[in-house]
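I have placed the structure first, in the form of structure tokens, so that the comments after it can refer back to it.
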Amino acid sequence: MESPRRLNHLVEVFQGNKPLVEGLVVLFLEHTPGLLDELVAIIRAGNLRDFHGVAFRLKSNLRVLGYPEIRDQVEALGGSFRQGVPYEELEREVTELEEAVRDACLHLSHH
């Protein structure tokens, strides 16, 4: 992941408003790990009722900062979960999602 380029692009998208982008990064770093943990707990518990809201918020955070590949992972995982695939069969995809989100947070926290 190339955070500096990604952030430079966001500054351009937001018409040079670097403080806004920096604020978005701070919010992302504050809220996204918790949303990820919540999503994983929901999948482990098989709690389809609460999945949509948490997945939607997580995907929104990823979309704002330009992580479509991770957003797509959430979407694919959600599709399998909604089809009734149990956690045991989704564990690899969950682990990959956790690693991708944590890697994004790590890169963002250093820039």
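Scheme for the structure tokens: letters A, B, ... for chains in order shown; per-chain residue numbers from 1; ligand numbers from 1 in order shown.
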Please provide as a CSV table (one decimal) with C-alpha atoms, in the first residue's frame all residues within 10 Å of stretch 16-22 of chain A, with the sequence filter that same-chain residues fewer than 5 positions apart are discarded (counting only C-alpha atoms).
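Heads up, here's the output in around-v3.csv:
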```
chain,number,residue,atom,x,y,z
A,7,LEU,CA,-2.9,10.7,0.8
A,8,ASN,CA,-1.5,13.1,-1.8
A,9,HIS,CA,-4.4,12.0,-4.0
A,10,LEU,CA,-6.9,12.7,-1.2
A,11,VAL,CA,-5.5,16.2,-0.7
A,27,LEU,CA,-10.8,9.3,12.5
A,28,PHE,CA,-9.9,6.2,10.4
A,64,VAL,CA,-13.2,7.5,2.2
A,65,LEU,CA,-9.5,6.8,2.4
A,108,LEU,CA,-1.4,5.6,7.7
A,111,HIS,CA,2.6,9.3,7.4
```
Open item on the list: Quick check, in Å to one decimal: how far apart do atom CA of A:Asn47 and atom CA of A:Ile70 lie?
Closed with: 21.6 Å
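The shortest atom-to-atom distance to A:Glu30, with only C-alpha atoms taken into account, belongs to A:Asn61 out of A:Gln73, A:Thr95, A:Ser80, A:Asn61.
Between atom CA of A:Pro86 and atom CA of A:Ala45 the interatomic distance comes to 9.4 Å.
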Open item on the list: So that I can check the surroundings of A:Lys59, please list as a ChimeraX atom specification every protein, DNA and RNA residue that reaches within 12 Å of it, counting only C-alpha atoms and ignoring chain neighbours fewer than 5 positions away.
Closed with: /A:28,32,35-36,39,51-54,64-78,97,101
Task: Distance criterion (only C-alpha atoms): nearest to A:Leu48 out of A:Cys105, A:Glu99, A:Val85, A:Ser60 - done: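 The closest residue to A:Leu48 is A:Val85.
Counting only C-alpha atoms, the residue from A:Gly79, A:Ala55, A:Arg6, A:Phe14 that sits nearest to A:His107 is A:Arg6.
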Open item on the list: I need the alpha helix (DSSP H) residues of chain A per DSSP on the backbone, written as JSON, numbers by chain.
Closed with: {"A": [3, 4, 5, 6, 7, 8, 9, 10, 11, 12, 13, 18, 19, 20, 21, 22, 23, 24, 25, 26, 27, 28, 29, 30, 31, 32, 33, 34, 35, 36, 37, 38, 39, 40, 41, 42, 43, 44, 45, 48, 49, 50, 51, 52, 53, 54, 55, 56, 57, 58, 59, 60, 61, 62, 63, 64, 68, 69, 70, 71, 72, 73, 74, 75, 76, 77, 78, 79, 80, 81, 82, 87, 88, 89, 90, 91, 92, 93, 94, 95, 96, 97, 98, 99, 100, 101, 102, 103, 104, 105, 106, 107, 108, 109]}
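With only C-alpha atoms as the atoms that count, the minimum distance from A:Val26 to the choices A:Ile43, A:Ser109, A:Gly84, A:Glu96 is reached by A:Ser109.
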